[in-house]
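Student: What follows is entry-v3.cif; its format and atoms are mmCIF, C-alpha atoms.
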data_query
#
loop_
_atom_site.label_atom_id
_atom_site.label_comp_id
_atom_site.auth_asym_id
_atom_site.auth_seq_id
_atom_site.Cartn_x
_atom_site.Cartn_y
_atom_site.Cartn_z
CA MET A 1 37.89 -10.43 17.49
CA THR A 2 37.14 -7.71 19.99
CA THR A 3 33.82 -7.45 21.77
CA ALA A 4 31.73 -4.29 21.65
CA ALA A 5 30.66 -2.46 24.77
CA ALA A 6 27.57 -3.83 26.47
CA LEU A 7 24.35 -3.11 24.61
CA ASN A 8 22.45 -0.51 26.58
CA PRO A 9 19.86 1.84 25.07
CA SER A 10 20.26 4.22 28.01
CA ALA A 11 24.05 4.48 27.75
CA SER A 12 25.38 7.99 27.27
CA ALA A 13 27.08 7.05 24.00
CA ARG A 14 26.52 4.24 21.54
CA ILE A 15 29.22 2.90 19.30
CA ALA A 16 29.72 5.45 16.54
CA HIS A 17 29.48 4.26 12.98
CA GLU A 18 33.18 4.87 12.44
CA ALA A 19 34.07 2.83 15.53
CA LEU A 20 31.87 -0.06 14.37
CA VAL A 21 33.54 -0.01 10.97
CA GLY A 22 36.96 -0.02 12.64
CA ARG A 23 36.09 -3.01 14.83
CA LEU A 24 34.72 -4.84 11.81
CA GLN A 25 37.94 -4.13 9.90
CA GLU A 26 39.96 -5.67 12.72
CA ALA A 27 37.67 -8.70 12.76
CA ILE A 28 38.03 -9.17 9.00
CA ALA A 29 41.82 -9.13 9.32
CA ALA A 30 41.70 -11.84 12.00
CA SER A 31 38.96 -13.96 10.42
CA THR A 32 39.68 -17.42 9.00
CA GLY A 33 36.17 -18.31 7.82
CA ILE A 34 32.92 -16.74 6.75
CA MET A 35 31.79 -13.72 8.75
CA ALA A 36 28.16 -12.65 9.10
CA VAL A 37 27.11 -9.05 9.59
CA ILE A 38 23.53 -9.13 10.85
CA THR A 39 21.33 -6.04 11.16
CA ILE A 40 18.36 -6.60 13.46
CA GLU A 41 15.40 -4.25 13.77
CA ALA A 42 12.65 -4.41 16.35
CA THR A 43 9.52 -2.97 14.79
CA GLU A 44 6.54 -1.29 16.46
CA PHE A 45 8.53 0.25 19.32
CA PRO A 46 7.09 3.72 18.66
CA ARG A 47 3.64 2.17 19.22
CA LEU A 48 4.83 0.50 22.43
CA PHE A 49 6.28 3.81 23.69
CA ALA A 50 2.95 5.48 22.96
CA ARG A 51 0.98 2.70 24.63
CA PHE A 52 3.06 2.08 27.76
CA GLY A 53 5.08 5.28 28.13
CA ASN A 54 8.77 6.13 27.73
CA GLU A 55 9.93 4.43 30.90
CA ARG A 56 8.34 1.12 30.01
CA GLY A 57 9.49 1.45 26.40
CA ARG A 58 13.11 2.03 27.45
CA ALA A 59 12.91 -0.96 29.79
CA LEU A 60 11.75 -3.13 26.91
CA LEU A 61 14.62 -1.94 24.72
CA THR A 62 17.08 -2.60 27.53
CA GLN A 63 15.71 -6.10 27.92
CA LEU A 64 15.99 -6.70 24.19
CA ALA A 65 19.60 -5.52 24.20
CA GLU A 66 20.41 -7.81 27.12
CA GLN A 67 18.81 -10.78 25.36
CA LEU A 68 20.95 -10.12 22.30
CA GLY A 69 24.11 -9.69 24.36
CA ASN A 70 23.55 -12.91 26.28
CA ALA A 71 23.19 -14.87 23.04
CA LEU A 72 26.60 -13.89 21.69
CA ARG A 73 29.83 -15.86 21.89
CA PRO A 74 33.03 -14.36 23.29
CA GLY A 75 34.60 -12.31 20.52
CA ASP A 76 31.37 -11.49 18.69
CA ILE A 77 30.68 -7.82 18.02
CA ALA A 78 27.39 -6.15 18.90
CA ALA A 79 26.33 -2.52 18.64
CA GLN A 80 23.13 -0.55 18.90
CA VAL A 81 23.10 1.72 15.86
CA GLY A 82 19.62 3.23 16.15
CA ASP A 83 16.67 3.57 18.47
CA GLN A 84 15.54 0.03 17.68
CA THR A 85 18.27 -1.27 15.39
CA PHE A 86 21.29 -3.44 16.25
CA VAL A 87 24.27 -4.78 14.31
CA VAL A 88 25.81 -8.10 15.30
CA VAL A 89 29.01 -9.53 13.77
CA ILE A 90 29.65 -13.24 14.06
CA GLY A 91 32.89 -14.66 12.68
CA ASN A 92 34.56 -18.00 11.89
CA LEU A 93 31.46 -19.61 10.40
CA LYS A 94 31.90 -22.67 8.20
CA ASN A 95 29.32 -21.82 5.53
CA PRO A 96 26.46 -19.42 4.69
CA GLY A 97 23.93 -21.84 6.16
CA HIS A 98 25.48 -21.39 9.60
CA ALA A 99 25.03 -17.63 9.23
CA VAL A 100 21.32 -18.12 8.58
CA LEU A 101 21.06 -20.38 11.62
CA ALA A 102 22.81 -17.75 13.72
CA GLY A 103 20.40 -15.08 12.48
CA LYS A 104 17.39 -17.25 13.30
CA LYS A 105 18.77 -17.93 16.77
CA LEU A 106 19.15 -14.20 17.44
CA LEU A 107 15.57 -13.59 16.32
CA ARG A 108 14.35 -16.32 18.68
CA VAL A 109 16.10 -14.83 21.69
CA CYS A 110 14.66 -11.42 20.81
CA GLU A 111 11.08 -12.59 21.16
CA PRO A 112 9.29 -10.55 23.85
CA GLU A 113 8.60 -12.37 27.09
CA SER A 114 7.61 -9.78 29.65
CA PRO A 115 3.94 -9.09 30.35
CA GLY A 116 2.79 -5.51 30.17
CA PRO A 117 0.33 -3.74 32.44
CA SER A 118 -2.68 -5.83 33.42
CA SER A 119 -0.67 -8.94 32.48
CA LYS A 120 -1.20 -8.28 28.77
CA SER A 121 1.52 -9.69 26.56
CA ILE A 122 3.67 -7.18 24.74
CA ARG A 123 4.01 -7.94 21.04
CA TYR A 124 6.62 -6.69 18.64
CA ARG A 125 8.40 -8.21 15.68
CA THR A 126 12.10 -8.47 14.97
CA ARG A 127 13.57 -8.89 11.49
CA ALA A 128 17.11 -9.51 10.36
CA GLY A 129 19.23 -8.89 7.27
CA ILE A 130 22.51 -10.74 6.69
CA ALA A 131 25.56 -9.88 4.60
CA LEU A 132 28.56 -12.24 4.42
CA HIS A 133 32.29 -11.67 4.22
CA PRO A 134 33.88 -12.46 1.79
CA VAL A 135 30.82 -13.75 -0.14
CA HIS A 136 29.12 -10.40 -0.69
CA CYS A 137 32.08 -8.05 -0.34
CA GLU A 138 35.20 -7.42 1.72
CA ASP A 139 34.78 -3.75 2.57
CA PRO A 140 33.52 -3.35 6.18
CA GLU A 141 31.35 -0.29 5.54
CA LEU A 142 29.77 -1.89 2.48
CA LEU A 143 29.11 -5.08 4.48
CA ILE A 144 27.12 -3.11 7.04
CA GLN A 145 25.22 -1.34 4.27
CA ARG A 146 24.41 -4.62 2.52
CA SER A 147 23.15 -6.17 5.74
CA GLN A 148 20.82 -3.16 6.03
CA VAL A 149 19.69 -3.71 2.42
CA ALA A 150 19.04 -7.36 3.29
CA LEU A 151 16.88 -6.18 6.19
CA GLU A 152 14.89 -4.02 3.76
CA ILE A 153 14.50 -7.05 1.48
CA ALA A 154 13.09 -9.00 4.43
CA LYS A 155 10.59 -6.21 5.14
CA ASP A 156 9.70 -5.86 1.46
CA GLU A 157 9.00 -9.60 1.22
CA ASP A 158 7.37 -9.72 4.68
CA LYS A 159 9.92 -12.22 5.98
CA ASP A 160 11.67 -12.45 9.31
CA LEU A 161 15.11 -12.86 7.74
CA ALA A 162 16.80 -12.33 4.38
CA VAL A 163 20.34 -12.78 3.06
CA TYR A 164 21.73 -10.12 0.76
CA ASP A 165 21.26 -10.87 -2.93
CA ASP A 166 22.35 -8.65 -5.82
CA GLN A 167 19.26 -9.30 -7.92
CA ARG A 168 16.76 -8.70 -5.11
CA ALA A 169 18.72 -5.66 -3.99
CA GLY A 170 18.60 -4.34 -7.54
CA LYS A 171 14.82 -4.67 -7.66
CA LEU A 172 14.56 -2.94 -4.31
CA GLN A 173 16.81 -0.14 -5.53
CA VAL A 174 14.57 0.37 -8.56
CA ALA A 175 11.55 0.54 -6.26
CA TRP A 176 13.28 3.10 -4.02
CA GLU A 177 14.22 5.24 -7.01
CA MET A 178 10.69 5.05 -8.39
CA ARG A 179 9.32 5.95 -4.96
CA ASP A 180 11.46 9.09 -4.84
CA GLU A 181 10.47 10.09 -8.38
CA LEU A 182 6.79 9.42 -7.69
CA ALA A 183 6.90 11.36 -4.41
CA ASP A 184 8.45 14.32 -6.28
CA ALA A 185 5.77 14.07 -8.97
CA VAL A 186 2.99 14.08 -6.35
CA ARG A 187 4.55 17.03 -4.53
CA GLU A 188 5.07 19.04 -7.73
CA GLY A 189 1.74 18.07 -9.26
CA ASP A 190 3.45 16.37 -12.22
CA LEU A 191 0.76 13.73 -12.60
CA ASP A 192 -2.05 13.34 -15.09
CA VAL A 193 -5.67 12.44 -14.55
CA HIS A 194 -7.51 10.70 -17.39
CA TYR A 195 -11.25 10.09 -17.53
CA GLN A 196 -13.07 7.00 -18.81
CA PRO A 197 -16.71 7.70 -19.75
CA LYS A 198 -19.59 5.79 -18.19
CA LEU A 199 -22.69 5.17 -20.29
CA ASP A 200 -26.31 4.98 -19.18
CA LEU A 201 -27.28 1.77 -20.95
CA ALA A 202 -31.01 2.57 -21.05
CA THR A 203 -30.67 6.00 -22.68
CA ASP A 204 -27.25 5.70 -24.37
CA ARG A 205 -26.30 8.92 -22.61
CA VAL A 206 -22.90 9.62 -21.03
CA CYS A 207 -23.69 9.98 -17.34
CA GLY A 208 -20.22 10.33 -15.86
CA ALA A 209 -16.59 9.26 -15.95
CA GLU A 210 -14.06 7.53 -13.74
CA ALA A 211 -10.95 9.53 -12.85
CA LEU A 212 -7.78 7.48 -13.32
CA MET A 213 -4.23 8.55 -12.53
CA ARG A 214 -1.49 8.40 -15.15
CA TRP A 215 2.20 9.13 -14.67
CA PHE A 216 4.71 10.08 -17.32
CA SER A 217 8.16 9.96 -15.73
CA PRO A 218 10.94 12.05 -17.32
CA VAL A 219 13.25 9.12 -16.55
CA ARG A 220 11.07 6.08 -17.29
CA GLY A 221 8.53 7.41 -19.75
CA GLN A 222 4.90 6.31 -19.41
CA VAL A 223 4.77 4.11 -16.30
CA PRO A 224 1.98 1.48 -16.20
CA PRO A 225 -0.52 2.13 -13.37
CA SER A 226 0.06 -1.38 -12.00
CA ALA A 227 3.76 -0.53 -11.53
CA PHE A 228 3.49 2.85 -9.85
CA PHE A 229 0.45 1.90 -7.73
CA ALA A 230 2.41 -1.05 -6.33
CA VAL A 231 5.22 1.32 -5.33
CA ALA A 232 2.74 3.88 -3.97
CA SER A 233 1.06 1.21 -1.85
CA GLU A 234 4.35 -0.08 -0.44
CA PHE A 235 5.71 3.36 0.43
CA GLU A 236 2.52 5.03 1.69
CA LEU A 237 1.99 7.37 -1.26
CA LEU A 238 -1.58 6.29 -2.02
CA GLY A 239 -3.05 8.94 0.29
CA PRO A 240 -1.29 11.94 -1.33
CA MET A 241 -1.96 10.53 -4.80
CA THR A 242 -5.66 10.10 -4.07
CA ARG A 243 -5.95 13.62 -2.70
CA PHE A 244 -4.36 14.85 -5.94
CA VAL A 245 -6.89 12.91 -8.04
CA LEU A 246 -9.82 14.05 -5.90
CA ASN A 247 -8.82 17.68 -6.29
CA ALA A 248 -8.44 17.35 -10.07
CA ALA A 249 -11.68 15.36 -10.38
CA MET A 250 -13.76 17.86 -8.41
CA ARG A 251 -12.34 20.72 -10.47
CA THR A 252 -13.29 18.83 -13.64
CA ALA A 253 -16.77 17.97 -12.34
CA ALA A 254 -17.38 21.65 -11.56
CA THR A 255 -16.27 22.55 -15.10
CA TRP A 256 -18.67 20.00 -16.61
CA GLN A 257 -21.54 21.43 -14.61
CA ARG A 258 -20.74 25.00 -15.73
CA ASP A 259 -20.54 23.80 -19.36
CA GLY A 260 -23.95 22.20 -19.12
CA HIS A 261 -22.79 18.56 -18.99
CA ASP A 262 -24.90 16.69 -16.46
CA MET A 263 -22.07 14.34 -15.52
CA GLY A 264 -20.51 13.04 -12.34
CA VAL A 265 -17.03 11.79 -11.61
CA ALA A 266 -15.92 8.62 -9.78
CA VAL A 267 -12.68 8.28 -7.82
CA ASN A 268 -11.18 5.12 -6.33
CA LEU A 269 -10.62 5.36 -2.58
CA PRO A 270 -7.71 3.31 -1.16
CA PRO A 271 -8.54 1.08 1.82
CA THR A 272 -6.32 3.04 4.20
CA MET A 273 -8.10 6.33 3.47
CA LEU A 274 -11.51 4.96 4.37
CA LEU A 275 -10.38 4.78 8.02
CA GLU A 276 -8.72 8.22 8.10
CA ASP A 277 -10.31 10.62 10.58
CA GLY A 278 -10.06 13.63 8.28
CA LEU A 279 -11.49 12.06 5.12
CA VAL A 280 -15.01 13.52 5.30
CA ASP A 281 -13.73 17.00 6.23
CA MET A 282 -11.31 16.87 3.29
CA LEU A 283 -14.10 15.91 0.89
CA GLN A 284 -16.32 18.68 2.23
CA SER A 285 -13.49 21.17 1.76
CA LEU A 286 -12.90 20.13 -1.86
CA LEU A 287 -16.60 20.37 -2.67
CA SER A 288 -16.64 23.87 -1.21
CA ILE A 289 -13.45 24.99 -2.97
CA TRP A 290 -14.67 23.94 -6.43
CA ASN A 291 -18.33 24.73 -5.78
CA ALA A 292 -19.28 21.34 -7.18
CA PRO A 293 -22.58 19.67 -6.31
CA ALA A 294 -21.87 16.81 -3.90
CA GLU A 295 -23.96 14.37 -5.94
CA THR A 296 -21.46 14.67 -8.82
CA LEU A 297 -18.84 12.81 -6.73
CA THR A 298 -18.85 9.02 -6.45
CA LEU A 299 -16.28 7.26 -4.30
CA GLU A 300 -15.48 3.71 -5.37
CA ILE A 301 -14.62 1.50 -2.39
CA THR A 302 -13.64 -2.15 -2.64
CA GLU A 303 -15.23 -4.83 -0.49
CA SER A 304 -11.81 -5.71 0.95
CA ALA A 305 -11.45 -2.13 2.22
CA ILE A 306 -14.64 -2.45 4.25
CA MET A 307 -14.15 -5.82 5.90
CA PRO A 308 -11.26 -5.15 8.34
CA ASP A 309 -13.49 -2.75 10.31
CA VAL A 310 -17.07 -2.90 9.07
CA ASP A 311 -18.52 -0.65 11.79
CA THR A 312 -16.02 2.18 11.26
CA SER A 313 -16.22 1.81 7.48
CA PHE A 314 -20.02 1.98 7.51
CA ALA A 315 -19.96 5.01 9.80
CA THR A 316 -17.59 6.85 7.44
CA MET A 317 -19.61 5.83 4.39
CA LYS A 318 -22.78 7.14 6.02
CA ARG A 319 -21.09 10.49 6.69
CA ILE A 320 -19.99 10.66 3.06
CA LYS A 321 -23.56 10.03 1.93
CA GLU A 322 -24.78 12.73 4.33
CA LEU A 323 -22.61 15.17 2.37
CA GLY A 324 -24.61 14.19 -0.70
CA ALA A 325 -21.83 12.22 -2.39
CA ARG A 326 -22.39 8.71 -3.74
CA ILE A 327 -20.78 5.39 -2.74
CA SER A 328 -19.98 2.62 -5.19
CA ILE A 329 -18.82 -0.86 -4.11
CA ASP A 330 -16.02 -1.69 -6.54
CA ASP A 331 -14.98 -5.14 -7.82
CA PHE A 332 -18.15 -6.66 -6.44
CA GLY A 333 -18.17 -10.43 -6.47
CA THR A 334 -14.44 -10.96 -6.03
CA GLY A 335 -14.05 -10.21 -2.34
CA TYR A 336 -15.96 -10.95 0.82
CA SER A 337 -19.58 -10.59 -0.26
CA SER A 338 -21.81 -11.40 2.69
CA PHE A 339 -25.51 -10.89 3.29
CA THR A 340 -24.71 -10.05 6.91
CA TYR A 341 -23.50 -6.62 5.85
CA PHE A 342 -24.91 -6.37 2.33
CA LYS A 343 -28.46 -5.78 3.57
CA SER A 344 -27.40 -2.62 5.42
CA ILE A 345 -24.46 -1.37 3.37
CA PRO A 346 -24.66 2.43 2.89
CA ALA A 347 -24.02 2.45 -0.86
CA ASP A 348 -25.70 3.69 -4.02
CA GLU A 349 -24.34 1.25 -6.58
CA LEU A 350 -22.38 -1.95 -7.17
CA LYS A 351 -19.64 -2.24 -9.75
CA ILE A 352 -19.34 -5.73 -11.23
CA ASP A 353 -15.73 -6.84 -11.63
CA ARG A 354 -14.43 -6.94 -15.20
CA THR A 355 -13.45 -10.61 -14.88
CA PHE A 356 -17.14 -11.57 -14.94
CA VAL A 357 -18.15 -8.97 -17.51
CA SER A 358 -15.45 -9.80 -20.06
CA GLY A 359 -16.32 -13.51 -19.99
CA MET A 360 -20.10 -13.35 -19.88
CA THR A 361 -20.71 -13.79 -23.63
CA GLY A 362 -18.64 -16.95 -23.83
CA ASN A 363 -19.17 -18.43 -20.40
CA ASP A 364 -22.61 -19.27 -19.04
CA ALA A 365 -21.37 -19.23 -15.44
CA ASP A 366 -20.07 -15.65 -15.78
CA ARG A 367 -23.36 -14.56 -17.40
CA HIS A 368 -25.35 -16.14 -14.57
CA ILE A 369 -23.15 -14.37 -12.00
CA VAL A 370 -23.65 -11.00 -13.71
CA GLU A 371 -27.41 -11.60 -13.97
CA THR A 372 -27.61 -12.57 -10.29
CA ILE A 373 -25.67 -9.50 -9.14
CA ILE A 374 -27.86 -7.19 -11.23
CA ASP A 375 -31.06 -8.75 -9.87
CA LEU A 376 -29.77 -8.69 -6.28
CA ALA A 377 -28.66 -5.06 -6.50
CA HIS A 378 -31.95 -3.92 -7.97
CA ARG A 379 -33.87 -5.65 -5.19
CA PHE A 380 -31.88 -3.50 -2.74
CA ASN A 381 -32.42 -0.34 -4.81
CA LEU A 382 -28.79 -0.20 -5.91
CA ALA A 383 -27.65 0.80 -9.38
CA VAL A 384 -25.26 -1.53 -11.21
CA VAL A 385 -22.13 -0.55 -13.14
CA ALA A 386 -20.44 -3.10 -15.39
CA GLU A 387 -16.80 -2.39 -16.19
CA GLY A 388 -14.60 -4.11 -18.73
CA ILE A 389 -16.96 -3.86 -21.72
CA GLU A 390 -14.69 -4.57 -24.68
CA HIS A 391 -17.12 -5.89 -27.32
CA GLU A 392 -20.51 -4.91 -28.70
CA ALA A 393 -21.89 -8.34 -27.82
CA THR A 394 -21.10 -7.71 -24.16
CA LEU A 395 -22.82 -4.34 -24.26
CA THR A 396 -25.89 -5.91 -25.86
CA ALA A 397 -26.00 -8.70 -23.28
CA LEU A 398 -25.80 -6.22 -20.41
CA ARG A 399 -28.67 -4.23 -21.84
CA GLU A 400 -30.72 -7.40 -22.06
CA LEU A 401 -30.04 -8.01 -18.37
CA HIS A 402 -31.09 -4.42 -17.53
CA CYS A 403 -27.68 -3.35 -16.25
CA ASP A 404 -27.78 0.39 -15.50
CA ILE A 405 -24.35 1.73 -16.46
CA GLY A 406 -21.50 0.47 -18.64
CA GLN A 407 -17.81 1.27 -18.84
CA GLY A 408 -15.03 -0.16 -20.96
CA PHE A 409 -12.79 0.14 -24.00
CA PHE A 410 -15.66 -0.55 -26.43
CA ILE A 411 -17.38 2.61 -25.18
CA ALA A 412 -14.22 4.69 -24.77
CA ARG A 413 -10.70 4.43 -23.39
CA PRO A 414 -9.47 6.70 -20.59
CA MET A 415 -8.45 10.10 -21.97
CA PRO A 416 -7.35 13.55 -20.78
CA GLN A 417 -10.10 16.01 -19.94
CA SER A 418 -9.54 18.11 -23.08
CA GLN A 419 -9.81 15.03 -25.28
CA LEU A 420 -12.91 13.88 -23.42
CA ASP A 421 -14.56 17.26 -23.99
CA THR A 422 -13.90 16.93 -27.72
CA TRP A 423 -15.24 13.36 -27.65
CA LEU A 424 -18.40 14.51 -25.92
CA ASP A 425 -18.96 17.30 -28.46
CA ALA A 426 -18.45 14.89 -31.37
CA ARG A 427 -20.91 12.49 -29.76
CA LEU A 428 -23.43 15.31 -29.39
CA TYR A 429 -23.58 14.25 -25.78
#
Starting from the file, give its structure as structure tokens.

Tutor:
Amino acid sequence: MTTAAALNPSASARIAHEALVGRLQEAIAASTGIMAVITIEATEFPRLFARFGNERGRALLTQLAEQLGNALRPGDIAAQVGDQTFVVVIGNLKNPGHAVLAGKKLLRVCEPESPGPSSKSIRYRTRAGIALHPVHCEDPELLIQRSQVALEIAKDEDKDLAVYDDQRAGKLQVAWEMRDELADAVREGDLDVHYQPKLDLATDRVCGAEALMRWFSPVRGQVPPSAFFAVASEFELLGPMTRFVLNAAMRTAATWQRDGHDMGVAVNLPPTMLLEDGLVDMLQSLLSIWNAPAETLTLEITESAIMPDVDTSFATMKRIKELGARISIDDFGTGYSSFTYFKSIPADELKIDRTFVSGMTGNDADRHIVETIIDLAHRFNLAVVAEGIEHEATLTALRELHCDIGQGFFIARPMPQSQLDTWLDARLY
């Protein structure tokens, strides 16, 4: 087996893909055992370049390449195939387990050792994907591709190392295809927004609705929200999707106001968007575009979104409230409830998680939790929304506990705006 040129990020030319495939073909012809093709990626290098500069970043990559090269046996193949990606080929292995051990060894030698400026340790993570010849295939180009798929499996499962597997690769392929279709739908505006009414439990009046995204795929049909939100979260589509919903919701809220419906609209805000610098400006722009009163917009924010950076989250929430919009703490009771921040949280309402609401008529503990949350919120001048109302008995119990607002299938299911307008007219509002 021939050995690749020395790994060097600053070299004038890296091994071309065709040359790597040719070397791998030669190695396959000479191999007498299992051969491992290992793709290794060092993550976070763009951040390190930004933090320490290009010169320091290139030095780190050079050091990483040298560490990899020093760990190889004579005859092994190594090539840098991207800015922070390497392919290593190790032959004559006795079994797949040895390939995994080899991959783990390479990851260990890749661990950063050099201190950065001011003696601060430099941190980055390396991951590896392994494909085996002849176990997974015999074609050299396909072996490289499958090692890259295995690397993606490792990243998808948040592991340091993964071995190629047809079933896991198939699931990943489905996720990639759904990501592309969903991204196209977001870009083209081929998404639907449904609205679930919210009922003032004291007056029996519809006081607003929650905007919920729905996606009908031409390929897959009606895709469950749990499925496409998981893909959107993994592939960073939540931001564009939320902006789409916000735009549609503010347009709808403005329409309700013009039609004489004194109703607001609530939109779920993903955790990542709460920390975006341009969030408040974007909200202000949408309010201006649709000429909608700011108080008609409620942003639902989960407790878990607040906790990673309470100070920044609170500052953003205060700016949102200064616009005149409302803040609702979603799924209250399931996350990180703490009096240390609860006493000063800049919110207008709490939304009790459906797990407590749905069980409160048959479980004394759930009823006590709901009662306690309602009492606590009222003491802090916060309104309370109970979601997940699916039976009349639950609605009655919530009224007895003086809950402010209710939402759930017993009141109404989510529906398109046109259907909601008809529902409101039939209900005489």

Student: On this file, the PyMOL selection byres ((chain A and resi 150-167) around 12) gives some set of residues; write that set as an mmCIF file with C-alpha atoms, keeping the file's coordinate frame.

Tutor:
data_model
loop_
_atom_site.group_PDB
_atom_site.id
_atom_site.type_symbol
_atom_site.label_atom_id
_atom_site.label_comp_id
_atom_site.auth_asym_id
_atom_site.auth_seq_id
_atom_site.Cartn_x
_atom_site.Cartn_y
_atom_site.Cartn_z
ATOM 1 C CA ALA A 36 28.160 -12.650 9.100
ATOM 2 C CA VAL A 37 27.110 -9.050 9.590
ATOM 3 C CA ILE A 38 23.530 -9.130 10.850
ATOM 4 C CA THR A 39 21.330 -6.040 11.160
ATOM 5 C CA ILE A 40 18.360 -6.600 13.460
ATOM 6 C CA GLU A 41 15.400 -4.250 13.770
ATOM 7 C CA ALA A 42 12.650 -4.410 16.350
ATOM 8 C CA THR A 43 9.520 -2.970 14.790
ATOM 9 C CA THR A 85 18.270 -1.270 15.390
ATOM 10 C CA PHE A 86 21.290 -3.440 16.250
ATOM 11 C CA VAL A 87 24.270 -4.780 14.310
ATOM 12 C CA PRO A 96 26.460 -19.420 4.690
ATOM 13 C CA GLY A 97 23.930 -21.840 6.160
ATOM 14 C CA HIS A 98 25.480 -21.390 9.600
ATOM 15 C CA ALA A 99 25.030 -17.630 9.230
ATOM 16 C CA VAL A 100 21.320 -18.120 8.580
ATOM 17 C CA LEU A 101 21.060 -20.380 11.620
ATOM 18 C CA ALA A 102 22.810 -17.750 13.720
ATOM 19 C CA GLY A 103 20.400 -15.080 12.480
ATOM 20 C CA LYS A 104 17.390 -17.250 13.300
ATOM 21 C CA LYS A 105 18.770 -17.930 16.770
ATOM 22 C CA LEU A 106 19.150 -14.200 17.440
ATOM 23 C CA LEU A 107 15.570 -13.590 16.320
ATOM 24 C CA ARG A 108 14.350 -16.320 18.680
ATOM 25 C CA CYS A 110 14.660 -11.420 20.810
ATOM 26 C CA GLU A 111 11.080 -12.590 21.160
ATOM 27 C CA ARG A 125 8.400 -8.210 15.680
ATOM 28 C CA THR A 126 12.100 -8.470 14.970
ATOM 29 C CA ARG A 127 13.570 -8.890 11.490
ATOM 30 C CA ALA A 128 17.110 -9.510 10.360
ATOM 31 C CA GLY A 129 19.230 -8.890 7.270
ATOM 32 C CA ILE A 130 22.510 -10.740 6.690
ATOM 33 C CA ALA A 131 25.560 -9.880 4.600
ATOM 34 C CA LEU A 132 28.560 -12.240 4.420
ATOM 35 C CA HIS A 133 32.290 -11.670 4.220
ATOM 36 C CA VAL A 135 30.820 -13.750 -0.140
ATOM 37 C CA HIS A 136 29.120 -10.400 -0.690
ATOM 38 C CA CYS A 137 32.080 -8.050 -0.340
ATOM 39 C CA LEU A 142 29.770 -1.890 2.480
ATOM 40 C CA LEU A 143 29.110 -5.080 4.480
ATOM 41 C CA ILE A 144 27.120 -3.110 7.040
ATOM 42 C CA GLN A 145 25.220 -1.340 4.270
ATOM 43 C CA ARG A 146 24.410 -4.620 2.520
ATOM 44 C CA SER A 147 23.150 -6.170 5.740
ATOM 45 C CA GLN A 148 20.820 -3.160 6.030
ATOM 46 C CA VAL A 149 19.690 -3.710 2.420
ATOM 47 C CA ARG A 168 16.760 -8.700 -5.110
ATOM 48 C CA ALA A 169 18.720 -5.660 -3.990
ATOM 49 C CA GLY A 170 18.600 -4.340 -7.540
ATOM 50 C CA LYS A 171 14.820 -4.670 -7.660
ATOM 51 C CA LEU A 172 14.560 -2.940 -4.310
ATOM 52 C CA GLN A 173 16.810 -0.140 -5.530
ATOM 53 C CA VAL A 174 14.570 0.370 -8.560
ATOM 54 C CA ALA A 175 11.550 0.540 -6.260
ATOM 55 C CA TRP A 176 13.280 3.100 -4.020
ATOM 56 C CA ALA A 230 2.410 -1.050 -6.330
ATOM 57 C CA VAL A 231 5.220 1.320 -5.330
ATOM 58 C CA SER A 233 1.060 1.210 -1.850
ATOM 59 C CA GLU A 234 4.350 -0.080 -0.440
ATOM 60 C CA PHE A 235 5.710 3.360 0.430
#

Student: If I take CA of Met213 (chain A) and CA of Tyr195 (chain A), how far is one from the other in Å, to one decimal?

Tutor: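 CA of Tyr195 (chain A) lies at a distance of 8.8 Å from CA of Met213 (chain A).
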
Student: By how many Å are CA of Ala71 (chain A) and CA of Val109 (chain A) apart?

Tutor: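 Separation between CA of Ala71 (chain A) and CA of Val109 (chain A): 7.2 Å.
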
Student: Would you mind listing what lies within 10 Å of region 385-390 of chain A as a compact mmCIF listing (two decimals) with C-alpha atoms, keeping the file's coordinate frame, with all atoms listed in the file counted and same-chain residues fewer than 2 positions away left out?

Tutor:
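This is the output file out_10.txt:
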# COMPACT_ATOMS: atom_id res chain seq x y z
CA LYS A 198 -19.59 5.79 -18.19
CA LEU A 199 -22.69 5.17 -20.29
CA ASP A 200 -26.31 4.98 -19.18
CA LEU A 201 -27.28 1.77 -20.95
CA SER A 328 -19.98 2.62 -5.19
CA ILE A 329 -18.82 -0.86 -4.11
CA ASP A 330 -16.02 -1.69 -6.54
CA ASP A 331 -14.98 -5.14 -7.82
CA PHE A 332 -18.15 -6.66 -6.44
CA GLU A 349 -24.34 1.25 -6.58
CA LEU A 350 -22.38 -1.95 -7.17
CA LYS A 351 -19.64 -2.24 -9.75
CA ILE A 352 -19.34 -5.73 -11.23
CA ASP A 353 -15.73 -6.84 -11.63
CA ARG A 354 -14.43 -6.94 -15.20
CA THR A 355 -13.45 -10.61 -14.88
CA PHE A 356 -17.14 -11.57 -14.94
CA VAL A 357 -18.15 -8.97 -17.51
CA SER A 358 -15.45 -9.80 -20.06
CA GLY A 359 -16.32 -13.51 -19.99
CA VAL A 370 -23.65 -11.00 -13.71
CA ILE A 374 -27.86 -7.19 -11.23
CA LEU A 382 -28.79 -0.20 -5.91
CA ALA A 383 -27.65 0.80 -9.38
CA GLU A 392 -20.51 -4.91 -28.70
CA ALA A 393 -21.89 -8.34 -27.82
CA THR A 394 -21.10 -7.71 -24.16
CA LEU A 395 -22.82 -4.34 -24.26
CA LEU A 398 -25.80 -6.22 -20.41
CA CYS A 403 -27.68 -3.35 -16.25
CA ASP A 404 -27.78 0.39 -15.50
CA ILE A 405 -24.35 1.73 -16.46
CA GLY A 406 -21.50 0.47 -18.64
CA GLN A 407 -17.81 1.27 -18.84
CA GLY A 408 -15.03 -0.16 -20.96
CA PHE A 409 -12.79 0.14 -24.00
CA PHE A 410 -15.66 -0.55 -26.43
CA ILE A 411 -17.38 2.61 -25.18
CA ALA A 412 -14.22 4.69 -24.77
CA ARG A 413 -10.70 4.43 -23.39
